[in-house]
Structure formats: C-alpha cells, structure tokens
$ cat entry-v6.txt   # compact mmCIF, C-alpha atoms and all ligand atoms
# COMPACT_ATOMS: atom_id res chain seq x y z
CA MET A 97 18.59 25.11 55.32
CA LYS A 98 17.72 28.78 54.78
CA LYS A 99 14.43 29.22 52.91
CA ILE A 100 14.50 30.71 49.41
CA LYS A 101 12.51 33.95 49.34
CA VAL A 102 10.45 34.13 46.13
CA GLY A 103 8.77 36.95 44.23
CA ILE A 104 6.24 35.87 41.60
CA ALA A 105 5.42 37.83 38.43
CA GLY A 106 2.01 37.04 36.89
CA LEU A 107 -0.96 35.71 38.82
CA GLY A 108 -3.23 34.63 35.98
CA ARG A 109 -4.46 31.09 35.22
CA LEU A 110 -1.13 29.37 35.80
CA GLY A 111 0.44 32.00 38.06
CA LYS A 112 -2.13 31.20 40.75
CA VAL A 113 -1.24 27.49 40.55
CA HIS A 114 2.48 28.22 41.03
CA ALA A 115 1.82 30.85 43.73
CA ASN A 116 -0.31 28.44 45.79
CA ASN A 117 2.34 25.74 45.51
CA ILE A 118 5.11 28.10 46.64
CA ALA A 119 3.03 29.61 49.44
CA TYR A 120 1.58 26.41 50.88
CA LYS A 121 3.25 23.26 49.53
CA ILE A 122 7.00 23.77 49.23
CA ALA A 123 8.88 23.58 52.51
CA GLY A 124 12.07 25.25 51.26
CA ALA A 125 10.35 28.36 49.88
CA ASP A 126 8.66 31.49 51.17
CA LEU A 127 6.43 33.50 48.83
CA VAL A 128 7.18 37.06 49.96
CA ALA A 129 6.42 39.31 46.96
CA ALA A 130 4.11 39.42 43.96
CA CYS A 131 3.80 41.50 40.81
CA SER A 132 0.99 41.83 38.28
CA ILE A 133 -0.38 44.49 35.95
CA VAL A 134 -3.90 43.45 37.03
CA PRO A 135 -4.89 45.12 40.35
CA ALA A 136 -7.37 42.34 41.25
CA GLU A 137 -4.51 39.83 41.13
CA LEU A 138 -2.49 41.87 43.64
CA GLU A 139 -5.53 41.90 45.90
CA TYR A 140 -5.68 38.10 45.46
CA ALA A 141 -2.02 37.86 46.54
CA GLN A 142 -2.76 39.85 49.69
CA LYS A 143 -6.02 38.17 50.65
CA GLU A 144 -5.51 34.56 49.53
CA LEU A 145 -1.75 34.13 49.76
CA GLY A 146 -0.90 36.49 52.61
CA VAL A 147 1.66 38.30 50.43
CA HIS A 148 1.73 41.98 51.36
CA ASP A 149 4.75 43.15 49.36
CA VAL A 150 3.02 43.66 46.00
CA TYR A 151 4.02 45.59 42.89
CA ALA A 152 2.33 46.80 39.72
CA ASP A 153 5.74 47.21 38.07
CA TYR A 154 8.19 44.32 37.59
CA ASN A 155 11.35 46.44 37.86
CA ASP A 156 10.07 47.90 41.14
CA MET A 157 9.79 44.38 42.54
CA LEU A 158 13.34 43.55 41.46
CA ALA A 159 14.69 46.78 42.95
CA ASN A 160 12.77 46.79 46.23
CA ALA A 161 11.63 43.32 47.28
CA ASP A 162 13.80 41.24 49.62
CA ILE A 163 13.90 38.13 47.38
CA ASP A 164 16.42 35.46 46.30
CA ALA A 165 14.42 34.18 43.32
CA VAL A 166 11.84 35.28 40.76
CA VAL A 167 9.14 33.03 39.29
CA ILE A 168 7.94 34.38 35.92
CA VAL A 169 4.43 33.36 34.83
CA THR A 170 3.58 36.43 32.79
CA THR A 171 2.36 36.67 29.19
CA SER A 172 4.87 34.80 26.99
CA SER A 173 6.15 37.92 25.17
CA GLN A 174 7.33 39.35 28.53
CA HIS A 175 9.43 36.35 29.61
CA CYS A 176 12.84 37.08 28.09
CA TRP A 177 13.40 40.68 29.18
CA GLN A 178 12.12 39.74 32.62
CA ILE A 179 14.55 36.79 32.77
CA ALA A 180 17.49 39.06 31.85
CA ALA A 181 16.47 41.78 34.32
CA ALA A 182 16.09 39.30 37.20
CA LEU A 183 19.43 37.57 36.53
CA ASP A 184 21.15 40.98 36.24
CA ALA A 185 19.58 41.89 39.60
CA GLY A 186 21.23 38.80 41.16
CA LYS A 187 18.14 36.57 41.43
CA HIS A 188 17.64 32.90 40.58
CA VAL A 189 15.00 32.56 37.85
CA PHE A 190 12.16 30.17 37.07
CA THR A 191 10.22 30.96 33.90
CA ASP A 192 7.27 29.13 32.52
CA LYS A 193 7.31 27.98 28.90
CA PRO A 194 7.80 29.16 26.21
CA LEU A 195 11.22 30.71 26.71
CA GLY A 196 10.34 33.50 24.26
CA VAL A 197 8.15 34.20 21.28
CA THR A 198 10.93 35.21 18.87
CA LEU A 199 14.43 33.88 18.28
CA GLU A 200 15.91 37.32 19.11
CA GLU A 201 14.20 37.26 22.52
CA CYS A 202 15.52 33.77 23.20
CA ARG A 203 19.07 34.92 22.40
CA LEU A 204 18.66 37.79 24.92
CA ALA A 205 17.78 35.23 27.60
CA GLU A 206 20.68 32.96 26.55
CA ASP A 207 23.13 35.88 26.93
CA ALA A 208 21.79 36.71 30.40
CA VAL A 209 22.09 33.07 31.51
CA LYS A 210 25.68 33.03 30.19
CA ARG A 211 26.49 36.21 32.16
CA HIS A 212 25.27 34.65 35.43
CA PRO A 213 26.39 31.00 35.64
CA ASP A 214 26.18 31.19 39.45
CA LYS A 215 22.40 31.78 39.34
CA THR A 216 19.95 28.94 38.75
CA PHE A 217 17.95 29.27 35.53
CA PHE A 218 14.94 26.96 35.29
CA LEU A 219 12.56 26.55 32.33
CA GLY A 220 9.17 25.10 33.24
CA PHE A 221 8.61 22.11 30.97
CA MET A 222 6.58 20.50 33.74
CA ARG A 223 5.68 17.32 31.86
CA ARG A 224 9.27 16.21 32.51
CA PHE A 225 8.29 16.13 36.22
CA ASP A 226 4.97 14.30 35.82
CA PRO A 227 5.42 10.97 37.67
CA SER A 228 4.21 8.89 34.68
CA TYR A 229 6.55 10.61 32.22
CA VAL A 230 9.44 10.31 34.69
CA TYR A 231 8.68 6.58 35.08
CA ALA A 232 8.56 6.15 31.29
CA MET A 233 11.95 7.85 30.94
CA GLU A 234 13.45 5.63 33.66
CA LYS A 235 12.17 2.56 31.77
CA ILE A 236 13.64 3.84 28.50
CA ARG A 237 17.00 4.54 30.16
CA ALA A 238 16.93 1.02 31.60
CA GLY A 239 16.48 -0.34 28.05
CA ALA A 240 12.86 -1.55 28.41
CA ILE A 241 11.90 -0.71 24.80
CA GLY A 242 15.33 -0.80 23.18
CA LYS A 243 16.24 2.23 21.07
CA PRO A 244 13.30 4.71 20.85
CA TYR A 245 12.78 5.65 17.20
CA MET A 246 9.30 7.19 17.14
CA VAL A 247 7.23 9.46 19.39
CA LYS A 248 3.50 10.07 18.80
CA ALA A 249 2.20 12.88 20.99
CA THR A 250 -1.40 14.02 21.31
CA GLY A 251 -2.58 17.17 23.10
CA ILE A 252 -6.23 18.18 22.67
CA ASP A 253 -7.84 20.84 24.84
CA PRO A 254 -11.42 20.38 26.04
CA GLU A 255 -14.23 21.70 23.87
CA ALA A 256 -15.53 23.30 27.09
CA LEU A 257 -12.68 25.87 26.79
CA VAL A 258 -12.93 26.48 23.05
CA GLN A 259 -14.44 30.00 23.30
CA GLY A 260 -11.27 31.19 25.09
CA ALA A 261 -9.13 29.67 22.32
CA ILE A 262 -11.28 31.36 19.65
CA LYS A 263 -10.87 34.74 21.36
CA PHE A 264 -7.12 34.25 21.67
CA ALA A 265 -6.69 32.85 18.11
CA PRO A 266 -5.83 36.13 16.28
CA THR A 267 -2.87 36.78 18.64
CA SER A 268 -1.83 33.26 19.72
CA GLY A 269 0.81 32.81 17.02
CA GLY A 270 -1.14 29.81 15.67
CA ILE A 271 -1.97 26.37 17.00
CA PHE A 272 1.59 25.01 16.89
CA ILE A 273 3.22 27.92 18.78
CA ASP A 274 0.31 27.99 21.20
CA MET A 275 -0.13 24.28 21.89
CA ALA A 276 2.62 22.03 20.57
CA ILE A 277 5.64 23.20 22.56
CA HIS A 278 5.24 20.61 25.37
CA ASP A 279 4.86 17.80 22.81
CA ILE A 280 7.91 19.08 20.92
CA ASP A 281 9.91 19.10 24.15
CA LEU A 282 8.80 15.54 25.00
CA MET A 283 9.72 14.37 21.49
CA ARG A 284 13.27 15.80 21.88
CA TRP A 285 13.54 14.32 25.39
CA PHE A 286 12.42 10.80 24.53
CA LEU A 287 14.21 10.56 21.16
CA GLY A 288 17.41 12.17 22.46
CA ASP A 289 17.78 14.01 19.16
CA ASP A 290 16.52 17.15 17.41
CA PRO A 291 14.32 17.23 14.33
CA VAL A 292 15.90 18.61 11.15
CA GLU A 293 12.76 18.57 8.97
CA VAL A 294 9.02 19.13 9.55
CA TYR A 295 5.84 18.85 7.50
CA ALA A 296 2.69 20.26 9.11
CA MET A 297 -0.97 20.68 8.20
CA GLY A 298 -4.24 21.63 9.85
CA SER A 299 -8.01 21.30 9.54
CA THR A 300 -11.22 22.89 10.86
CA PHE A 301 -14.62 21.21 10.82
CA LYS A 302 -16.36 22.63 13.86
CA HIS A 303 -15.41 26.27 14.54
CA PRO A 304 -14.90 28.37 11.37
CA GLU A 305 -13.70 31.24 13.61
CA PHE A 306 -10.27 29.57 13.67
CA LYS A 307 -10.05 29.71 9.85
CA ALA A 308 -11.12 33.36 9.95
CA ALA A 309 -8.14 34.01 12.24
CA HIS A 310 -5.85 32.19 9.71
CA ASP A 311 -5.51 29.29 12.13
CA ASP A 312 -7.06 25.82 12.55
CA GLU A 313 -8.71 23.86 15.33
CA THR A 314 -6.58 20.77 14.64
CA GLY A 315 -2.89 20.63 13.75
CA VAL A 316 -0.69 17.69 12.79
CA ALA A 317 3.07 17.73 12.27
CA MET A 318 5.60 15.08 11.29
CA TYR A 319 9.27 15.46 12.16
CA LYS A 320 12.41 13.71 11.03
CA CYS A 321 15.55 13.76 13.18
CA ALA A 322 19.14 13.72 11.95
CA ASN A 323 19.50 10.09 13.16
CA GLY A 324 16.34 9.03 11.27
CA ALA A 325 13.98 8.96 14.28
CA ILE A 326 10.44 10.22 13.67
CA GLY A 327 8.03 12.42 15.64
CA PHE A 328 4.29 12.83 15.14
CA VAL A 329 2.45 15.60 17.00
CA HIS A 330 -1.34 16.03 16.99
CA VAL A 331 -2.77 19.09 18.72
CA GLY A 332 -6.36 20.26 18.88
CA ARG A 333 -8.95 22.28 20.75
CA THR A 334 -12.18 20.36 20.53
CA ALA A 335 -12.10 17.20 22.65
CA PRO A 336 -15.76 16.84 23.75
CA TYR A 337 -14.82 14.44 26.59
CA GLY A 338 -12.20 16.57 28.40
CA TYR A 339 -8.42 17.13 28.21
CA HIS A 340 -6.63 14.54 26.10
CA VAL A 341 -2.88 14.32 26.60
CA GLU A 342 -1.33 11.06 25.49
CA THR A 343 2.19 10.11 24.43
CA GLU A 344 3.45 6.94 22.78
CA VAL A 345 7.14 6.08 22.51
CA ILE A 346 8.03 3.27 20.14
CA GLY A 347 11.38 1.51 20.35
CA THR A 348 13.19 -1.36 18.68
CA GLU A 349 12.13 -3.76 21.48
CA GLY A 350 8.74 -2.43 22.60
CA THR A 351 6.36 0.47 23.10
CA LEU A 352 5.41 2.71 26.02
CA ARG A 353 2.12 4.60 26.20
CA ILE A 354 1.61 7.33 28.76
CA SER A 355 -2.05 7.94 29.51
CA PRO A 356 -3.61 6.06 26.54
CA VAL A 357 -6.93 6.68 28.30
CA PRO A 358 -6.79 10.27 29.64
CA ALA A 359 -8.63 9.15 32.76
CA LYS A 360 -9.51 11.43 35.67
CA ASN A 361 -8.67 8.65 38.17
CA LEU A 362 -9.10 4.90 38.64
CA CYS A 363 -12.88 5.07 39.22
CA MET A 364 -15.19 3.39 36.67
CA ILE A 365 -18.87 4.34 36.78
CA TYR A 366 -21.36 1.59 35.85
CA ASP A 367 -24.75 3.20 35.20
CA ASN A 368 -27.33 3.77 32.48
CA ASN A 369 -24.62 5.41 30.31
CA GLY A 370 -22.74 2.12 30.27
CA VAL A 371 -19.33 1.63 31.89
CA VAL A 372 -17.69 5.03 32.04
CA GLN A 373 -14.25 6.25 32.98
CA GLU A 374 -14.35 10.05 33.28
CA CYS A 375 -11.73 12.18 31.52
CA VAL A 376 -9.40 14.64 33.22
CA SER A 377 -10.82 18.17 32.88
CA GLY A 378 -7.83 20.34 32.01
CA PHE A 379 -4.12 21.04 32.50
CA PRO A 380 -4.28 22.25 36.13
CA GLU A 381 -5.87 18.92 37.16
CA ARG A 382 -3.80 16.62 34.91
CA PHE A 383 -0.47 18.17 35.82
CA ALA A 384 -1.08 19.28 39.43
CA ASP A 385 1.71 17.03 40.75
CA ALA A 386 4.05 18.02 37.95
CA TYR A 387 3.69 21.77 38.68
CA ARG A 388 4.47 21.17 42.37
CA LEU A 389 7.39 18.81 41.67
CA GLU A 390 9.02 21.12 39.11
CA MET A 391 8.81 24.05 41.57
CA GLU A 392 10.30 21.89 44.33
CA ASN A 393 13.16 21.06 41.98
CA PHE A 394 13.71 24.75 41.16
CA ILE A 395 13.84 25.69 44.84
CA ASP A 396 16.22 22.82 45.54
CA CYS A 397 18.51 23.88 42.65
CA ALA A 398 18.46 27.52 43.84
CA ALA A 399 19.26 26.49 47.44
CA LYS A 400 22.22 24.41 46.22
CA GLY A 401 23.28 26.91 43.52
CA ILE A 402 23.10 24.26 40.76
CA GLN A 403 21.51 24.07 37.31
CA PRO A 404 18.57 21.78 36.35
CA GLU A 405 18.58 19.23 33.50
CA VAL A 406 16.68 21.48 31.06
CA ASN A 407 18.66 24.55 30.00
CA VAL A 408 18.06 27.82 28.18
CA TYR A 409 19.17 26.28 24.85
CA ASP A 410 16.41 23.66 25.14
CA GLY A 411 14.02 26.62 25.36
CA THR A 412 15.42 28.25 22.22
CA LYS A 413 15.34 24.96 20.28
CA SER A 414 11.73 24.16 21.15
CA THR A 415 10.75 27.71 20.08
CA GLN A 416 12.67 27.31 16.79
CA ILE A 417 10.97 23.96 16.12
CA ALA A 418 7.52 25.44 16.82
CA PHE A 419 8.26 28.32 14.40
CA ALA A 420 9.49 25.94 11.68
CA THR A 421 6.29 23.88 12.19
CA THR A 422 4.18 27.02 11.72
CA GLU A 423 6.16 27.93 8.61
CA SER A 424 5.57 24.47 7.10
CA TYR A 425 1.83 24.68 7.98
CA ARG A 426 1.54 28.10 6.29
CA GLN A 427 3.61 27.21 3.22
CA GLY A 428 2.10 23.75 2.71
CA HIS A 429 5.38 21.90 2.24
CA ALA A 430 8.21 20.37 4.27
CA VAL A 431 10.63 22.81 5.91
CA SER A 432 14.22 22.25 7.10
CA ILE A 433 15.00 23.19 10.68
CA ASN A 434 18.32 24.92 11.20
CA TYR A 435 19.59 25.73 14.69
N1 LIG B 501 3.26 24.91 31.57
C1 LIG B 501 1.99 24.92 31.21
O1 LIG B 501 1.34 23.88 31.10
C2 LIG B 501 1.30 26.22 30.98
C3 LIG B 501 -0.09 26.31 31.05
C4 LIG B 501 -0.70 27.58 30.91
C5 LIG B 501 0.10 28.69 30.66
N2 LIG B 501 1.46 28.56 30.58
C6 LIG B 501 2.31 29.75 30.35
O2 LIG B 501 2.24 30.56 31.51
C7 LIG B 501 2.25 31.94 31.12
C8 LIG B 501 1.02 32.62 31.69
O3 LIG B 501 -0.13 32.03 31.14
P1 LIG B 501 -1.58 32.24 31.79
O4 LIG B 501 -2.47 31.31 31.09
O5 LIG B 501 -1.47 32.18 33.26
O6 LIG B 501 -1.87 33.74 31.32
P2 LIG B 501 -2.84 34.83 31.96
O7 LIG B 501 -3.13 35.77 30.86
O8 LIG B 501 -3.94 34.18 32.70
O9 LIG B 501 -1.90 35.57 33.02
C9 LIG B 501 -0.83 36.40 32.63
C10 LIG B 501 -0.35 37.20 33.83
O10 LIG B 501 0.78 37.96 33.44
C11 LIG B 501 0.68 39.24 34.05
N3 LIG B 501 1.52 40.18 33.30
C12 LIG B 501 1.53 40.40 31.95
N4 LIG B 501 2.48 41.32 31.64
C13 LIG B 501 3.09 41.64 32.81
C14 LIG B 501 4.15 42.51 33.15
N5 LIG B 501 4.79 43.24 32.22
N6 LIG B 501 4.52 42.59 34.44
C15 LIG B 501 3.89 41.87 35.40
N7 LIG B 501 2.88 41.02 35.14
C16 LIG B 501 2.47 40.92 33.86
C17 LIG B 501 -0.79 39.55 34.03
O11 LIG B 501 -1.08 40.52 34.98
C18 LIG B 501 -1.34 38.17 34.43
O12 LIG B 501 -1.25 38.05 35.82
C19 LIG B 501 2.30 31.98 29.60
O13 LIG B 501 3.63 32.19 29.20
C20 LIG B 501 1.83 30.59 29.18
O14 LIG B 501 2.43 30.15 27.96
C21 LIG B 501 2.06 27.37 30.75
$ encode --input "entry-v6.txt" --output "structure tokens" --more "lines below"
Ligand SMILES: NC(=O)c1ccc[n+]([C@@H]2O[C@H](COP(=O)([O-])OP(=O)(O)OC[C@H]3O[C@@H](n4cnc5c(N)ncnc54)[C@H](O)[C@@H]3O)[C@@H](O)[C@H]2O)c1
Amino acid sequence: MKKIKVGIAGLGRLGKVHANNIAYKIAGADLVAACSIVPAELEYAQKELGVHDVYADYNDMLANADIDAVVIVTTSSQHCWQIAAALDAGKHVFTDKPLGVTLEECRLAEDAVKRHPDKTFFLGFMRRFDPSYVYAMEKIRAGAIGKPYMVKATGIDPEALVQGAIKFAPTSGGIFIDMAIHDIDLMRWFLGDDPVEVYAMGSTFKHPEFKAAHDDETGVAMYKCANGAIGFVHVGRTAPYGYHVETEVIGTEGTLRISPVPAKNLCMIYDNNGVVQECVSGFPERFADAYRLEMENFIDCAAKGIQPEVNVYDGTKSTQIAFATTESYRQGHAVSINY
C-alpha cells in the first residue's frame, strides 16, 4: 500500500514523541515535513528526524509541502483553526487533545469535519489505545463486570515536574481543563453515557503558588449521568513517587482496576529500603505504546479513507465537561452540563 506522507506541526514535549513514532516506528507512514515556531525544533527535525522540508509558518506547510496528512501537536489554542485549514487544504488530520479551548473553536472544527467527510479526522485520546485500557473495555463488552455504573479515575503528575506546572498555572485554564480531560474521556467511554451534573472542589497544602494563580494543586470532581451512573475524578500535581494514573470501573457484577499500582514494570527491588516496586516516571513512559498505537490507527484510517471510533463531537463534549467542572469549582456548587 502507498505510504501516507505526513507533515507534523509542533515539535515540543509531545510533538517529538509523535514525530519519532511516525519517522521510525510506523511502516505505513513517511514523515516528510515539519512546522514549528521555534527554530531549534526545526533544526531538531532536520538533524534527528532527517526531515528537510521545514516551515516556520503552518499555512506555508499546507500550501507547499507534498503531504497527505497533518499531525497537529501545537499549543492547544492553535488546534481548531489548524484543523480547519488542513481539512480545507485536502489533508487527513490527527490532532492531539484537547480539541479546542473554547466551545466556539470546537464548533469551527466540527464544521470543517462536516465539510470534508472523505478526509479522516482523528482526535488523540491515546488512553483508548493503551493495551490495558483496551483489555478492560473488551472485558466490559464481554459482560465481565455486568453493567458499569461508576468510574473512579486518578491522574496525579509527579512532584518532580511541579515547577513547570506552577509556571504554567496562570495560563493553563485551571487544573480541570489542564489535567482532567483524559479522565473525563475515559469516564464517558466506560460508562457509555454523558454526565449531566458536576460538583467540583480543590485544595492546596504544598505549593501556595497555585492558590496565587487562582488554581489548586489537587482537584476532585463528581459527575452524575442521565442514566444515574456516577463518575469521580481526582487530579493532582504532587505525587512524590512518580506519575500516578489509575482507573477503577465498578459494575453490577464486579470491578476492574487498571494500574492500581502505577508500577514502572514487573521488577520488585528487595534492599535496605524494604521491598520496592518503582513508579512510572511520567506520561511519555506510561503511554509510550498508546502513542504509537493511536498513530498507527490514524495512518491506517487515512490509508483506507475511514473514520476512527472517536469523533469531533467527543472532543467538543469533553471540552464542555471540563469547562462545566471548572465553573462548579469556581462557584462552589453543583452545575448542570448542557450540550
Ligand atoms: N495526549 C497527551 O497525553 C498529551 C500530553 C502532553 C501534551 N498534550 C497536548 O499536546 C499539545 C502540545 O503539548 P506540548 O506539551 O508538546 O507543548 P509544547 O509547548 O512543548 O510544544 C508546543 C509546540 O507547538 C508549536 N507551536 C505553537 N504554535 C504554533 C503555530 N502557530 N504553528 C506551528 N507550531 C506552533 C511550538 O513551536 C511547539 O513546538 C497540547 O495541545 C497538549 O494539550 C497531550
């Protein structure tokens, strides 16, 4: 089959992960162009990825690069106009989460996807490709825990990265917009329903800088779905032991827990610290397989001209839920979620 020629936009923290996967690990794809507003990242593309067709301007890449598909890993506020421009230029599109940072932006992306049903549009909720989450979903679909009625999701970043989060806090949109979107997506996926009400709160005991930025270092939200199912999301930034991502799905006939110990691997160390299982260090390590598998799926969809399971409306809904959560957190009472 003909290879899909890809241009990537954004070569920051996550852009480099995607770019390396496309360049070296995905048989059906060729990384042929790159775009970034940071000159050092274009140099990285040339030296480390062997990509010589590089652009400082996104529209220049769309107009001049010989590409079938665009992978968008830019700053979140840039996603939606870049999605629309790429689809209008006749390209398949992968964008990382979130879809957009306002509802208006999300609607712009929805309209562009509607205009181009023949082009693949892929939204990167990579946890849906993580082998353990996929296995859990297969079990649920096979009836292993009966009807799922509650999801408890935990996502705590390592304390080792907290200074970055403090710096970003004034412009991050708050802990729920910044951190909870994957947990919100998993809750919708596992419960098979959308929340209609949320009550959220937060706390800070370690880094007062978060309070000064009108944010918190820990956030908790409870959701109620139209069918009565319940979601509980706990996000934070101060896990001293590493990166803690854990999800529990409770059903009428049993419970599934994905990563109840956020272990680095199966190795236990027996030494003068006791019996220790090390923790995974951060998202690039925990979800390395998931990032590769989601990109493989995007390339496969683009080659076949089909659409993936997650669509643009899932992106809008998760953004709306994150905004309603932030509103509840700021107002201090439960908020209805209207779609
Ligand atoms: N799926 C996940 O687990 C996950 C993890 C981290 C980040 N993300 C998402 O990935 C995106 C990037 O995050 P990051 O941490 O890599 O950010 P980053 O700040 O490290 O990188 C952002 C990149 O975007 C580029 N950029 C910004 N505006 C641009 C423009 N107009 N044209 C071209 N390039 C532009 C910058 O040059 C930089 O290369 C964000 O939307 C973030 O939410 C997702």
$ residues_around --input "entry-v6.txt" --residues "A:Gly332" --least-positions-apart "6" --cutoff "7 Å" --atoms "all atoms listed in the file" --output "list in words"
Gly251, Ile252, Asp253, Glu313, Thr314 and Gly315 of chain A
$ residues_around --input "entry-v6.txt" --residues "A:Gln416" --least-positions-apart "4" --cutoff "9 Å" --atoms "all atoms listed in the file" --output "list in words"
Thr198, Leu199, Gly411, Thr412, Ala420, Thr421, Ile433, Asn434 and Tyr435 of chain A
$ closest_residue --input "entry-v6.txt" --among "A:Ala418, A:Ala399, A:Val258, A:Ala181" --to "A:Tyr319" --atoms "only C-alpha atoms"
A:Ala418
$ atom_distance --input "entry-v6.txt" --atom1 "atom CA of A:His148" --atom2 "atom CA of A:Gln174"
23.7 Å
$ closest_residue --input "entry-v6.txt" --among "A:Gln373, A:Asn323, A:Asn117, A:Thr267" --to "A:Thr171" --atoms "all atoms listed in the file"
A:Thr267
$ residues_near_ligand --input "entry-v6.txt" --ligand "ligand LIG 501 (chain B)" --cutoff "8 Å" --atoms "all atoms listed in the file" --output "ChimeraX atom specification"
/A:105-112,131-134,137,152-154,168-175,192-194,220-223,274,278,379-380,383,387
$ residues_around --input "entry-v6.txt" --residues "stretch 139-145 of chain A" --least-positions-apart "5" --cutoff "8 Å" --atoms "all atoms listed in the file" --output "list in words"
Ala115, Asn116, Ala119, Ala130 and Val150 of chain A
$ residues_around --input "entry-v6.txt" --residues "A:Ala165" --least-positions-apart "4" --cutoff "12 Å" --atoms "all atoms listed in the file" --output "VMD selection string"
chain A and resid 99 to 105 118 125 to 130 157 to 158 161 179 181 to 191 215 to 218 391 394 to 399 401
$ atom_distance --input "entry-v6.txt" --atom1 "atom CA of A:Lys400" --atom2 "atom CA of A:Val167"
17.1 Å
$ residues_around --input "entry-v6.txt" --residues "A:Val408" --least-positions-apart "3" --cutoff "10 Å" --atoms "only C-alpha atoms" --output "ChimeraX atom specification"
/A:195,202-203,205-210,217-219,411-413
$ atom_distance --input "entry-v6.txt" --atom1 "atom CA of A:Gly288" --atom2 "atom CA of A:Ser268"
28.7 Å
$ closest_residue --input "entry-v6.txt" --among "A:Gln403, A:Arg388, A:Tyr295, A:Asp410" --to "A:Val431" --atoms "all atoms listed in the file"
A:Tyr295
$ residues_near_point --input "entry-v6.txt" --point "(9.9, -2.3, 19.6)" --cutoff "10 Å" --atoms "only C-alpha atoms" --output "list in words"
Ala240, Ile241, Gly242, Lys243, Pro244, Tyr245, Met246, Val345, Ile346, Gly347, Thr348, Glu349, Gly350, Thr351 and Leu352 of chain A
$ closest_residue --input "entry-v6.txt" --among "A:Leu204, A:Ala296, A:Ile271, A:Ala261" --to "A:His310" --atoms "only C-alpha atoms"
A:Ile271
$ residues_near_point --input "entry-v6.txt" --point "(11.4, 16.6, 10.7)" --cutoff "8 Å" --atoms "all atoms listed in the file" --output "ChimeraX atom specification"
/A:291-295,318-321,326-327,431-433
$ write_last_selection --input "entry-v6.txt" --atoms "C-alpha atoms" --output "mmCIF file, in the frame of the given file"
data_model
loop_
_atom_site.group_PDB
_atom_site.id
_atom_site.type_symbol
_atom_site.label_atom_id
_atom_site.label_comp_id
_atom_site.auth_asym_id
_atom_site.auth_seq_id
_atom_site.Cartn_x
_atom_site.Cartn_y
_atom_site.Cartn_z
ATOM 1 C CA PRO A 291 14.320 17.230 14.330
ATOM 2 C CA VAL A 292 15.900 18.610 11.150
ATOM 3 C CA GLU A 293 12.760 18.570 8.970
ATOM 4 C CA VAL A 294 9.020 19.130 9.550
ATOM 5 C CA TYR A 295 5.840 18.850 7.500
ATOM 6 C CA MET A 318 5.600 15.080 11.290
ATOM 7 C CA TYR A 319 9.270 15.460 12.160
ATOM 8 C CA LYS A 320 12.410 13.710 11.030
ATOM 9 C CA CYS A 321 15.550 13.760 13.180
ATOM 10 C CA ILE A 326 10.440 10.220 13.670
ATOM 11 C CA GLY A 327 8.030 12.420 15.640
ATOM 12 C CA VAL A 431 10.630 22.810 5.910
ATOM 13 C CA SER A 432 14.220 22.250 7.100
ATOM 14 C CA ILE A 433 15.000 23.190 10.680
#
$ axis_aligned_box --input "entry-v6.txt" --around "stretch 201-212 of chain A" --padding-each-side "3 Å" --output "lines of an AutoDock Vina configuration file"
center_x = 20.3
center_y = 35.4
center_z = 28.9
size_x = 18.3
size_y = 10.8
size_z = 19.0
$ closest_residue --input "entry-v6.txt" --among "A:Asp214, A:Glu405, A:Asp312, A:Asp279" --to "A:Lys248" --atoms "all atoms listed in the file"
A:Asp279
$ decode --input "entry-v6.txt" --residues "stretch 317-333 of chain A" --atoms "N, CA and C atoms" --output "tab-separated table (two decimals), in the first residue's frame"
chain	number	residue	atom	x	y	z
A	317	ALA	N	-13.67	15.98	41.31
A	317	ALA	CA	-14.98	16.28	40.72
A	317	ALA	C	-15.86	15.04	40.74
A	318	MET	N	-17.13	15.25	41.05
A	318	MET	CA	-18.11	14.14	40.98
A	318	MET	C	-19.12	14.45	39.91
A	319	TYR	N	-19.45	13.44	39.13
A	319	TYR	CA	-20.36	13.60	37.99
A	319	TYR	C	-21.54	12.66	38.13
A	320	LYS	N	-22.68	13.12	37.63
A	320	LYS	CA	-23.85	12.24	37.56
A	320	LYS	C	-24.34	12.20	36.12
A	321	CYS	N	-24.53	11.00	35.59
A	321	CYS	CA	-25.00	10.86	34.21
A	321	CYS	C	-26.53	10.80	34.18
A	322	ALA	N	-27.07	10.99	32.97
A	322	ALA	CA	-28.53	10.97	32.81
A	322	ALA	C	-29.10	9.63	33.27
A	323	ASN	N	-28.37	8.53	33.05
A	323	ASN	CA	-28.89	7.20	33.42
A	323	ASN	C	-28.60	6.85	34.89
A	324	GLY	N	-28.03	7.80	35.65
A	324	GLY	CA	-27.78	7.58	37.08
A	324	GLY	C	-26.36	7.12	37.39
A	325	ALA	N	-25.56	6.78	36.37
A	325	ALA	CA	-24.18	6.36	36.62
A	325	ALA	C	-23.37	7.53	37.18
A	326	ILE	N	-22.28	7.18	37.90
A	326	ILE	CA	-21.52	8.18	38.64
A	326	ILE	C	-20.05	8.17	38.22
A	327	GLY	N	-19.44	9.34	38.14
A	327	GLY	CA	-18.00	9.45	37.86
A	327	GLY	C	-17.32	10.21	38.98
A	328	PHE	N	-16.09	9.82	39.28
A	328	PHE	CA	-15.31	10.50	40.31
A	328	PHE	C	-13.90	10.69	39.76
A	329	VAL	N	-13.49	11.94	39.59
A	329	VAL	CA	-12.17	12.23	39.00
A	329	VAL	C	-11.31	12.97	40.03
A	330	HIS	N	-10.10	12.46	40.22
A	330	HIS	CA	-9.14	13.08	41.16
A	330	HIS	C	-7.88	13.40	40.38
A	331	VAL	N	-7.57	14.69	40.24
A	331	VAL	CA	-6.34	15.08	39.55
A	331	VAL	C	-5.43	15.87	40.50
A	332	GLY	N	-4.13	15.77	40.26
A	332	GLY	CA	-3.20	16.46	41.14
A	332	GLY	C	-1.85	16.63	40.49
A	333	ARG	N	-0.95	17.29	41.21
A	333	ARG	CA	0.35	17.63	40.62
A	333	ARG	C	1.52	17.30	41.52
